[in-house]
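Data block for target05.txt (compact mmCIF, C-alpha atoms):
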```txt
# COMPACT_ATOMS: atom_id res chain seq x y z
CA MET F 2 3.30 14.17 23.63
CA LYS F 3 0.22 13.87 25.84
CA ILE F 4 1.05 12.19 29.16
CA TYR F 5 -1.46 10.22 31.25
CA ARG F 6 -0.85 9.17 34.84
CA PRO F 7 -2.95 7.18 37.31
CA GLY F 8 -5.44 9.54 38.92
CA ASP F 9 -5.64 11.87 35.91
CA PRO F 10 -9.26 12.50 34.81
CA ASP F 11 -8.59 11.14 31.32
CA PHE F 12 -6.33 8.23 32.29
CA SER F 13 -8.98 5.49 32.21
CA ARG F 14 -10.67 6.93 29.13
CA MET F 15 -7.44 7.05 27.15
CA LYS F 16 -6.47 3.53 28.22
CA GLN F 17 -9.79 2.31 26.86
CA ALA F 18 -9.25 4.31 23.67
CA MET F 19 -6.08 2.31 23.05
CA ASN F 20 -8.29 -0.72 22.33
CA ARG F 21 -9.12 0.24 18.75
CA ARG F 22 -10.09 -1.21 15.39
CA ALA F 23 -9.31 0.17 11.95
CA LEU F 24 -12.57 0.84 10.10
CA PRO F 25 -13.02 2.27 6.57
CA GLU F 26 -14.07 5.88 6.08
CA THR F 27 -17.30 6.38 4.12
CA ALA F 28 -15.88 9.06 1.81
CA VAL F 29 -12.76 7.00 1.08
CA ARG F 30 -14.85 3.90 0.48
CA ASP F 31 -17.05 5.67 -2.06
CA SER F 32 -14.12 7.32 -3.88
CA VAL F 33 -12.29 4.02 -4.17
CA ALA F 34 -15.38 2.19 -5.39
CA ALA F 35 -15.70 4.73 -8.21
CA ILE F 36 -12.02 4.34 -9.15
CA ILE F 37 -12.34 0.56 -9.30
CA VAL F 38 -15.35 0.81 -11.62
CA GLU F 39 -13.49 3.24 -13.89
CA VAL F 40 -10.43 0.99 -14.15
CA ALA F 41 -12.61 -2.06 -14.79
CA GLN F 42 -14.44 -0.25 -17.61
CA ARG F 43 -11.74 1.95 -19.15
CA GLY F 44 -8.52 0.06 -18.38
CA ASP F 45 -5.28 1.82 -19.29
CA THR F 46 -7.08 5.05 -20.17
CA ALA F 47 -8.41 5.30 -16.61
CA LEU F 48 -4.91 4.68 -15.23
CA ILE F 49 -3.49 7.47 -17.39
CA ASP F 50 -6.26 9.89 -16.40
CA TYR F 51 -5.96 9.16 -12.68
CA THR F 52 -2.15 9.44 -12.79
CA GLU F 53 -2.48 12.86 -14.39
CA ARG F 54 -5.07 13.89 -11.81
CA PHE F 55 -3.30 12.66 -8.67
CA ASP F 56 0.41 12.59 -9.62
CA LYS F 57 0.41 15.53 -12.06
CA VAL F 58 2.02 13.64 -14.92
CA ARG F 59 0.56 12.47 -18.24
CA LEU F 60 1.93 9.02 -19.02
CA ASP F 61 2.37 7.77 -22.56
CA PRO F 62 -0.06 4.86 -23.07
CA ALA F 63 2.80 2.84 -24.52
CA HIS F 64 5.00 3.43 -21.47
CA LEU F 65 2.98 2.51 -18.39
CA HIS F 66 5.68 -0.05 -17.68
CA VAL F 67 9.27 0.78 -16.78
CA SER F 68 11.41 -0.07 -19.80
CA ASN F 69 14.61 -2.11 -19.89
CA ASP F 70 16.49 1.04 -20.85
CA GLU F 71 15.22 2.76 -17.70
CA LEU F 72 16.31 -0.23 -15.59
CA ARG F 73 19.78 -0.22 -17.13
CA GLU F 74 20.10 3.53 -16.59
CA ALA F 75 19.04 3.15 -12.95
CA GLU F 76 21.64 0.44 -12.42
CA ARG F 77 24.37 2.70 -13.78
CA GLN F 78 23.43 5.42 -11.31
CA ILE F 79 23.52 3.29 -8.16
CA PRO F 80 26.59 3.64 -5.90
CA GLU F 81 28.29 0.47 -4.72
CA SER F 82 27.30 1.23 -1.12
CA VAL F 83 23.60 1.16 -2.08
CA ARG F 84 24.04 -2.11 -3.99
CA GLU F 85 25.73 -3.67 -0.98
CA ALA F 86 22.99 -2.54 1.42
CA ILE F 87 20.25 -3.90 -0.85
CA GLU F 88 22.05 -7.20 -1.37
CA THR F 89 22.67 -7.63 2.36
CA SER F 90 19.04 -6.99 3.20
CA LEU F 91 17.85 -9.40 0.49
CA ASN F 92 20.17 -12.09 1.83
CA ASN F 93 18.64 -11.70 5.28
CA VAL F 94 15.13 -11.82 3.83
CA ALA F 95 16.00 -14.99 1.92
CA TYR F 96 17.38 -16.58 5.10
CA PHE F 97 14.30 -15.66 7.11
CA ALA F 98 12.00 -16.88 4.32
CA SER F 99 13.82 -20.20 4.10
CA ARG F 100 13.15 -20.82 7.77
CA SER F 101 9.47 -19.84 7.64
CA CYS F 102 8.30 -21.39 4.33
CA ARG F 103 5.75 -24.14 4.78
CA GLN F 104 7.02 -27.60 3.83
CA ASN F 105 5.10 -30.44 2.14
CA TRP F 106 4.12 -33.25 4.51
CA THR F 107 2.16 -36.51 4.58
CA GLY F 108 0.80 -38.71 7.35
CA ILE F 109 -1.69 -41.51 8.06
CA ASN F 110 -4.90 -40.82 9.99
CA HIS F 111 -6.74 -43.22 12.33
CA GLN F 112 -8.60 -44.96 9.51
CA GLY F 113 -5.42 -45.50 7.48
CA VAL F 114 -6.08 -42.65 5.02
CA GLU F 115 -2.98 -40.89 3.73
CA VAL F 116 -3.38 -37.15 4.21
CA GLY F 117 -1.00 -34.31 3.54
CA GLU F 118 -0.41 -30.81 2.29
CA ARG F 119 1.49 -29.42 -0.68
CA PHE F 120 2.73 -25.84 -0.82
CA THR F 121 3.42 -24.19 -4.17
CA PRO F 122 4.25 -20.54 -4.93
CA PHE F 123 1.68 -18.30 -6.55
CA ASP F 124 2.21 -17.90 -10.29
CA ARG F 125 1.83 -14.12 -10.37
CA VAL F 126 1.72 -11.63 -7.50
CA GLY F 127 1.55 -7.86 -7.30
CA ILE F 128 3.61 -5.83 -4.86
CA TYR F 129 2.68 -2.24 -4.08
CA VAL F 130 5.38 0.24 -3.08
CA PRO F 131 4.07 3.66 -1.98
CA GLY F 132 5.44 6.87 -3.44
CA GLY F 133 5.81 10.14 -1.59
CA LYS F 134 8.82 12.26 -0.82
CA ALA F 135 11.18 9.35 -0.12
CA PRO F 136 11.80 6.24 -2.25
CA LEU F 137 10.78 3.26 -0.09
CA VAL F 138 13.59 1.00 -1.26
CA SER F 139 13.19 -1.23 1.79
CA THR F 140 9.52 -1.89 1.02
CA SER F 141 10.45 -3.45 -2.32
CA ILE F 142 12.79 -5.81 -0.46
CA MET F 143 10.30 -6.60 2.30
CA THR F 144 7.61 -7.56 -0.23
CA GLY F 145 9.23 -8.65 -3.49
CA GLY F 146 12.17 -10.17 -1.66
CA PHE F 147 9.86 -12.68 0.02
CA ALA F 148 8.09 -13.50 -3.23
CA LYS F 149 11.45 -14.08 -4.90
CA ALA F 150 12.71 -16.26 -2.05
CA VAL F 151 9.59 -18.45 -2.23
CA GLY F 152 9.98 -18.85 -6.02
CA VAL F 153 7.10 -16.78 -7.43
CA PRO F 154 7.88 -16.66 -11.18
CA GLU F 155 6.04 -13.40 -12.02
CA ILE F 156 6.31 -10.44 -9.63
CA VAL F 157 4.56 -7.28 -10.79
CA ALA F 158 5.51 -4.11 -8.92
CA ALA F 159 3.37 -0.97 -8.91
CA THR F 160 4.75 2.34 -7.68
CA PRO F 161 3.87 5.93 -8.59
CA CYS F 162 6.29 7.87 -10.77
CA GLY F 163 7.46 11.42 -10.20
CA PRO F 164 6.38 14.53 -12.14
CA ASP F 165 8.99 13.68 -14.77
CA GLY F 166 7.37 10.30 -15.41
CA LYS F 167 10.31 8.42 -13.90
CA VAL F 168 10.78 6.21 -10.85
CA ASN F 169 13.64 6.80 -8.41
CA PRO F 170 16.75 4.88 -9.61
CA ALA F 171 17.49 3.29 -6.23
CA LEU F 172 13.92 2.04 -6.01
CA LEU F 173 14.07 0.65 -9.54
CA TYR F 174 17.31 -1.15 -8.78
CA ALA F 175 15.86 -2.59 -5.56
CA LEU F 176 12.69 -3.75 -7.30
CA LYS F 177 14.67 -5.53 -9.99
CA ALA F 178 16.99 -7.09 -7.39
CA SER F 179 13.92 -8.18 -5.42
CA GLY F 180 12.64 -10.18 -8.37
CA ALA F 181 10.24 -7.79 -10.11
CA SER F 182 9.55 -9.07 -13.62
CA GLU F 183 7.37 -6.04 -14.46
CA ILE F 184 7.18 -2.55 -12.96
CA ILE F 185 4.28 -0.21 -13.66
CA LYS F 186 4.52 3.53 -13.02
CA VAL F 187 1.09 3.84 -11.43
CA GLY F 188 0.13 4.25 -7.78
CA GLY F 189 -2.96 4.67 -5.63
CA ALA F 190 -6.22 2.77 -5.65
CA GLN F 191 -6.11 2.70 -9.45
CA ALA F 192 -2.91 0.61 -9.35
CA ILE F 193 -4.53 -1.90 -6.98
CA ALA F 194 -7.54 -2.13 -9.28
CA ALA F 195 -5.31 -2.70 -12.31
CA LEU F 196 -3.34 -5.44 -10.57
CA ALA F 197 -6.51 -7.17 -9.39
CA LEU F 198 -8.68 -6.83 -12.51
CA GLY F 199 -6.18 -6.35 -15.31
CA THR F 200 -6.15 -3.83 -18.16
CA GLU F 201 -5.09 -3.92 -21.81
CA SER F 202 -1.40 -3.84 -20.83
CA ILE F 203 -1.46 -5.39 -17.35
CA LYS F 204 -2.32 -9.03 -16.78
CA PRO F 205 -4.16 -9.56 -13.46
CA VAL F 206 -2.30 -11.04 -10.51
CA GLN F 207 -3.43 -13.68 -8.02
CA LYS F 208 -2.40 -11.83 -4.86
CA ILE F 209 -1.50 -8.26 -3.89
CA VAL F 210 0.81 -7.39 -1.00
CA GLY F 211 2.29 -4.22 0.39
CA PRO F 212 1.41 -1.07 2.37
CA GLY F 213 -0.15 2.16 1.15
CA ASN F 214 -2.28 5.16 2.06
CA ARG F 215 -5.92 4.83 3.07
CA PHE F 216 -7.08 4.75 -0.56
CA VAL F 217 -4.72 1.88 -1.37
CA VAL F 218 -5.77 -0.02 1.75
CA GLU F 219 -9.46 0.51 0.95
CA ALA F 220 -8.93 -0.72 -2.62
CA LYS F 221 -7.37 -3.90 -1.27
CA ARG F 222 -10.31 -4.31 1.10
CA GLN F 223 -12.88 -3.91 -1.67
CA LEU F 224 -11.11 -6.25 -4.10
CA VAL F 225 -10.77 -9.22 -1.76
CA GLY F 226 -12.29 -12.11 -3.67
CA ALA F 227 -11.23 -10.82 -7.05
CA VAL F 228 -7.70 -11.24 -5.71
CA ALA F 229 -6.06 -12.43 -2.49
CA ILE F 230 -4.38 -9.86 -0.23
CA ASP F 231 -1.87 -9.98 2.60
CA LEU F 232 -3.30 -7.54 5.16
CA LEU F 233 -4.54 -3.96 5.42
CA PRO F 234 -1.64 -1.89 6.78
CA GLY F 235 -2.26 1.77 7.51
CA PRO F 236 -0.18 4.61 9.03
CA SER F 237 3.02 3.55 10.81
CA GLU F 238 2.97 3.15 14.59
CA VAL F 239 5.22 2.11 17.45
CA MET F 240 4.64 1.36 21.11
CA VAL F 241 7.49 1.27 23.61
CA LEU F 242 7.10 -0.62 26.89
CA ALA F 243 10.03 -0.12 29.25
CA ASP F 244 11.04 -0.10 32.89
CA GLU F 245 13.77 1.80 34.74
CA THR F 246 16.52 -0.37 33.21
CA ALA F 247 15.98 1.19 29.77
CA ASN F 248 18.07 3.85 28.04
CA ALA F 249 15.95 7.00 27.54
CA GLU F 250 18.06 8.23 24.64
CA PHE F 251 17.52 4.96 22.75
CA LEU F 252 13.77 4.91 23.40
CA ALA F 253 13.23 8.50 22.32
CA ALA F 254 15.09 7.74 19.08
CA ASP F 255 12.81 4.75 18.43
CA LEU F 256 9.68 6.83 18.98
CA LEU F 257 10.88 9.62 16.71
CA ALA F 258 11.95 7.16 14.01
CA GLN F 259 8.33 6.14 13.55
CA ALA F 260 7.08 9.72 13.85
CA GLU F 261 9.09 10.77 10.80
CA HIS F 262 7.17 8.36 8.55
CA GLY F 263 4.30 10.83 8.24
CA PRO F 264 2.00 13.20 10.15
CA ASP F 265 -0.55 10.43 10.75
CA SER F 266 1.97 8.10 12.42
CA VAL F 267 1.19 7.06 16.00
CA ILE F 268 3.73 6.75 18.82
CA VAL F 269 2.99 5.47 22.34
CA PHE F 270 5.31 5.20 25.34
CA VAL F 271 4.37 3.08 28.36
CA THR F 272 6.44 2.76 31.54
CA ASN F 273 6.14 2.13 35.25
CA SER F 274 8.98 4.57 35.96
CA GLU F 275 8.24 8.27 36.49
CA GLN F 276 11.93 9.08 36.09
CA LEU F 277 12.20 7.25 32.77
CA LEU F 278 9.05 9.00 31.52
CA GLU F 279 10.58 12.39 32.30
CA ASN F 280 13.91 11.43 30.74
CA VAL F 281 12.27 10.19 27.52
CA GLU F 282 10.20 13.39 27.28
CA HIS F 283 13.41 15.41 27.58
CA GLU F 284 15.23 13.30 24.99
CA ILE F 285 12.33 13.59 22.53
CA SER F 286 12.47 17.37 22.82
CA GLN F 287 16.24 17.42 22.30
CA GLN F 288 16.36 14.96 19.40
CA ALA F 289 13.27 16.23 17.55
CA ALA F 290 14.84 19.68 17.14
CA LYS F 291 17.68 18.17 15.07
CA LEU F 292 15.63 16.07 12.62
CA SER F 293 15.30 16.95 8.93
CA ARG F 294 11.61 16.05 8.96
CA GLY F 295 10.93 18.35 11.88
CA ALA F 296 7.54 19.57 10.72
CA ILE F 297 6.21 16.02 10.27
CA VAL F 298 7.60 14.93 13.64
CA GLN F 299 6.08 17.92 15.42
CA ALA F 300 2.68 17.16 13.89
CA VAL F 301 2.88 13.62 15.28
CA LEU F 302 4.03 14.83 18.70
CA GLN F 303 1.13 17.25 18.86
CA ASN F 304 -1.64 15.00 17.56
CA HIS F 305 -0.70 11.32 17.77
CA ALA F 306 1.83 10.89 20.59
CA TYR F 307 0.85 9.39 23.94
CA GLY F 308 2.68 8.53 27.14
CA PHE F 309 1.29 6.33 29.93
CA LEU F 310 2.63 5.90 33.43
CA VAL F 311 1.34 2.57 34.69
CA GLU F 312 1.60 0.96 38.11
CA SER F 313 3.24 -2.25 36.89
CA MET F 314 4.79 -3.77 33.78
CA ASP F 315 1.96 -6.31 33.73
CA GLU F 316 -0.51 -3.44 33.43
CA GLY F 317 1.66 -2.09 30.61
CA CYS F 318 1.61 -5.47 28.89
CA ASP F 319 -2.20 -5.50 29.07
CA LEU F 320 -2.20 -2.09 27.40
CA VAL F 321 0.08 -3.45 24.65
CA ASN F 322 -2.32 -6.33 23.95
CA GLU F 323 -5.25 -3.92 23.76
CA PHE F 324 -3.44 -1.52 21.42
CA ALA F 325 -1.95 -4.29 19.23
CA PRO F 326 0.94 -2.16 17.95
CA GLU F 327 2.55 -2.56 14.57
CA HIS F 328 5.96 -2.39 16.29
CA LEU F 329 6.67 -3.00 19.97
CA VAL F 330 9.98 -2.06 21.58
CA LEU F 331 10.26 -3.95 24.88
CA VAL F 332 13.05 -3.23 27.36
CA ALA F 333 12.63 -4.63 30.86
CA ARG F 334 14.38 -6.55 33.59
CA ASP F 335 11.77 -9.30 33.15
CA GLU F 336 12.03 -9.25 29.36
CA ALA F 337 11.62 -12.98 28.61
CA ARG F 338 8.39 -13.30 30.59
CA LEU F 339 6.89 -10.13 29.13
CA VAL F 340 7.77 -11.10 25.55
CA ASN F 341 5.79 -14.30 26.04
CA ALA F 342 2.88 -12.33 27.52
CA VAL F 343 2.56 -10.11 24.41
CA ARG F 344 0.02 -11.69 22.04
CA THR F 345 -0.99 -9.00 19.53
CA ALA F 346 2.09 -7.06 18.38
CA GLY F 347 3.04 -7.21 14.71
CA ALA F 348 6.74 -7.37 15.59
CA ILE F 349 8.63 -7.26 18.90
CA TYR F 350 12.04 -5.66 19.32
CA ALA F 351 13.30 -7.05 22.61
CA GLY F 352 16.20 -5.69 24.61
CA THR F 353 18.24 -2.52 24.78
CA TYR F 354 19.95 -2.82 21.39
CA ALA F 355 17.03 -4.06 19.25
CA THR F 356 15.67 -1.22 17.13
CA VAL F 357 12.73 -0.96 14.76
CA ALA F 358 15.00 0.64 12.16
CA CYS F 359 17.00 -2.57 11.79
CA GLY F 360 13.73 -4.47 11.38
CA ASP F 361 12.52 -1.96 8.80
CA PHE F 362 15.61 -2.22 6.65
CA LEU F 363 17.79 -5.22 7.34
CA ALA F 364 17.05 -7.91 9.93
CA GLY F 365 14.99 -10.27 7.74
CA PRO F 366 11.33 -10.31 8.84
CA SER F 367 9.07 -8.20 6.64
CA HIS F 368 8.24 -4.70 7.83
CA THR F 369 4.77 -4.97 6.26
CA LEU F 370 2.81 -5.36 9.50
CA PRO F 371 -0.74 -4.94 10.84
CA THR F 372 -1.72 -1.49 12.13
CA GLY F 373 -4.78 0.19 13.61
CA GLY F 374 -5.41 -2.67 16.02
CA ALA F 375 -5.44 -5.27 13.24
CA GLY F 376 -2.69 -7.16 15.05
CA LYS F 377 -5.49 -8.79 17.04
CA SER F 378 -6.50 -10.61 13.83
CA PHE F 379 -3.63 -10.38 11.32
CA SER F 380 0.07 -11.17 11.36
CA GLY F 381 2.74 -9.47 9.28
CA LEU F 382 3.69 -10.45 5.75
CA ARG F 383 5.35 -13.87 5.71
CA ALA F 384 6.95 -16.23 3.22
CA ASP F 385 4.05 -18.66 3.42
CA GLN F 386 1.66 -15.95 2.24
CA PHE F 387 3.25 -16.37 -1.18
CA GLN F 388 2.45 -20.08 -1.13
CA ARG F 389 -0.80 -21.80 -2.05
CA ARG F 390 -1.81 -24.65 0.21
CA THR F 391 -3.36 -27.76 -1.34
CA SER F 392 -4.54 -30.68 0.78
CA ILE F 393 -4.06 -34.19 -0.63
CA VAL F 394 -5.99 -37.35 0.34
CA ARG F 395 -5.14 -40.91 -0.80
CA MET F 396 -7.16 -43.94 0.27
CA SER F 397 -6.34 -47.64 0.23
CA PRO F 398 -9.06 -50.32 0.10
CA ASP F 399 -8.66 -50.94 3.83
CA SER F 400 -8.91 -47.24 4.72
CA ALA F 401 -12.09 -47.01 2.62
CA ILE F 402 -13.63 -49.84 4.65
CA GLN F 403 -12.64 -48.22 7.94
CA SER F 404 -13.89 -44.76 6.93
CA ALA F 405 -17.24 -45.85 5.45
CA PRO F 406 -19.35 -46.11 8.67
CA PHE F 407 -18.42 -42.61 9.80
CA VAL F 408 -19.00 -41.06 6.37
CA ALA F 409 -22.38 -42.81 6.22
CA GLU F 410 -23.36 -41.28 9.55
CA PHE F 411 -22.48 -37.75 8.46
CA ALA F 412 -24.32 -38.27 5.15
CA ARG F 413 -27.44 -39.46 7.03
CA ILE F 414 -27.39 -36.49 9.42
CA GLU F 415 -26.98 -33.96 6.62
CA GLY F 416 -29.34 -35.68 4.18
CA LEU F 417 -26.69 -36.08 1.49
CA ASP F 418 -27.39 -39.52 0.03
CA ALA F 419 -24.94 -39.22 -2.86
CA HIS F 420 -22.12 -38.44 -0.44
CA GLY F 421 -22.86 -41.58 1.50
CA TYR F 422 -23.16 -43.74 -1.61
CA SER F 423 -19.84 -42.51 -3.06
CA MET F 424 -18.12 -43.83 0.04
CA GLU F 425 -20.24 -46.94 0.55
CA ILE F 426 -19.72 -48.26 -2.98
CA ARG F 427 -15.94 -48.04 -2.57
CA ALA F 428 -16.05 -49.82 0.76
CA ARG F 429 -18.28 -52.54 -0.72
CA ARG F 430 -15.92 -53.17 -3.64
CA ALA F 431 -12.95 -53.18 -1.28
CA ARG F 432 -14.59 -55.86 0.88
CA GLU F 433 -15.39 -57.91 -2.24
CA ARG F 434 -11.73 -57.78 -3.29
CA GLN F 435 -10.70 -59.02 0.13
CA GLY F 436 -13.03 -62.02 -0.34
```

Please re-express this file's structure in structure tokens.
Amino acid sequence: MKIYRPGDPDFSRMKQAMNRRALPETAVRDSVAAIIVEVAQRGDTALIDYTERFDKVRLDPAHLHVSNDELREAERQIPESVREAIETSLNNVAYFASRSCRQNWTGINHQGVEVGERFTPFDRVGIYVPGGKAPLVSTSIMTGGFAKAVGVPEIVAATPCGPDGKVNPALLYALKASGASEIIKVGGAQAIAALALGTESIKPVQKIVGPGNRFVVEAKRQLVGAVAIDLLPGPSEVMVLADETANAEFLAADLLAQAEHGPDSVIVFVTNSEQLLENVEHEISQQAAKLSRGAIVQAVLQNHAYGFLVESMDEGCDLVNEFAPEHLVLVARDEARLVNAVRTAGAIYAGTYATVACGDFLAGPSHTLPTGGAGKSFSGLRADQFQRRTSIVRMSPDSAIQSAPFVAEFARIEGLDAHGYSMEIRARRARERQG
């Protein structure tokens, strides 16, 4: 971990570097654009070819989807402890979603017009679950679980299969439990293109949610408009802001927990306590040596790990708002005030016993969160992102009369005669009816 203290030559430069924005890479952009064109033109054949190229498995054209037999076999293989963990997490997601869903409402404006909003679930959404060395069971819950809780009738999951052409049983079970009505064994940018544009065997969806590598994220970026998306999450990251009241062992564990996600993860520790900084450094060294993903963690510690000693917690809070972390762990004597001062974090874990791991797996809010500084503009995945908003306007004769002069003025300013007439004729008839 690289440490920066006030007075160090690079201290100011590195603080400024924390204010970042995630921008697409030219080579990735061009590669993804070519993949999208291929999927649009060649459909399932392109998916099969890309899966063979990137995942080293040749899929049968008739078996791009996970079959019912595969789902039943996966269910038979799942221990009761795994079932219980998945069910518990889904229950918490459903509770959180029930509290954050948007509700229909109506009201009367100043001219007597009835206005309101109606919120209905999307008909068909796609959820993307990355592959890799570990089955991301929790990601299926933190995406599909929200869609299910909101009442989306068709949930299409896309996740890459292994070299044997199969998907991990625990992941399959979690996807089914999270409401997936279809599961396709395809990953990468080609899966995003298939979900957005459709192929011979895959009907297009209306929205795509979920994290992925830079090719997946770039595909989502390029296909906005053809389909709605949630956000553009990249490599995992955590920032810890703590004062001398914090437990160094806990904080080091939180930092390392994000480091083990992958070699491009980013971890940042900020404190106003020199002693805590030294203690956390020591704990990181001790704990990292015991982790099964030691090589990945060491790559993060060498290339993407930063520590800042600041003069005050307010200065640390400013650094948090500039960095806009995906996850923020905040432990401080003045916790309540500092939590309110943080504006850009994707999720805040406040207090000694709050840990990102519980948020990732169990607590209820989705762990699909903005990264790369996107927290300045995006929020994490929410229940209402699976709802379509429709505004509704109803007008009585009296409200038409009261609205007409103002509509006429806007129509005159903008030179839109037909707009003005459509309102004026209603107001005139309303006045005639009133005698």

**Study point:** Among listed residues F:Met314, F:Met240, F:Ala325, F:Ala258, nearest Ile297 (chain F) (using all atoms listed in the file)
**Key:**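 The shortest atom-to-atom distance to Ile297 (chain F) comes from F:Ala258.
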
Check your understanding: Between F:Gly235, F:Thr200, F:Glu245, F:Phe251, which is the closest to Asn273 (chain F) once you count all atoms listed in the file?
Key ->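 Smallest distance to Asn273 (chain F) is found for F:Glu245.
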
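The nearest approach to Val343 (chain F) among the residues F:Asp315, F:Glu53, F:Glu115, F:Glu26, with all atoms listed in the file taken into account, belongs to F:Asp315.
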
**Study point:** Neighbour residues at most 7 Å from (15.7, -0.6, 27.5) (all atoms listed in the file) as a PyMOL selection string
**Key:** chain F and resi 243+246-248+331-333+352-353

Point to revise | Who sits within 6 Å of region 173-182 of chain F, only C-alpha atoms, same chain under 2 positions skipped, as a list of chain:residue names | key: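 Within the cut-off, the hits are F:Glu76, F:Ser141, F:Ile142, F:Gly145, F:Gly146, F:Lys149, F:Glu155, F:Ile156, F:Val157, F:Pro170, F:Ala171.
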
Point to revise | CA of Ala192 (chain F) to CA of Tyr129 (chain F), distance in Å rounded to a single decimal | key: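 One can read the CA of Ala192 (chain F) to CA of Tyr129 (chain F) distance as 8.2 Å.
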
Practice item. Can you work out which one of F:Gly163, F:Pro205, F:Gly132, F:Gly295 has the shortest atom-to-atom distance to Gly188 (chain F), counting all atoms listed in the file? Key: F:Gly132

Revision key, fill the gap. If you count only C-alpha atoms, the residue of F:Val210, F:Val114, F:Ile37, F:Leu65 closest to Val126 (chain F) turns out to be F:Val210

Review point. Near Ala35 (chain F), counting all atoms listed in the file, which residues have an atom at most 12 Å away, once you skip same-chain residues fewer than 2 positions from it, shown as a ChimeraX atom specification?
Key: /F:28-33,37-43,47,51,190-191,194,216,219-220,223
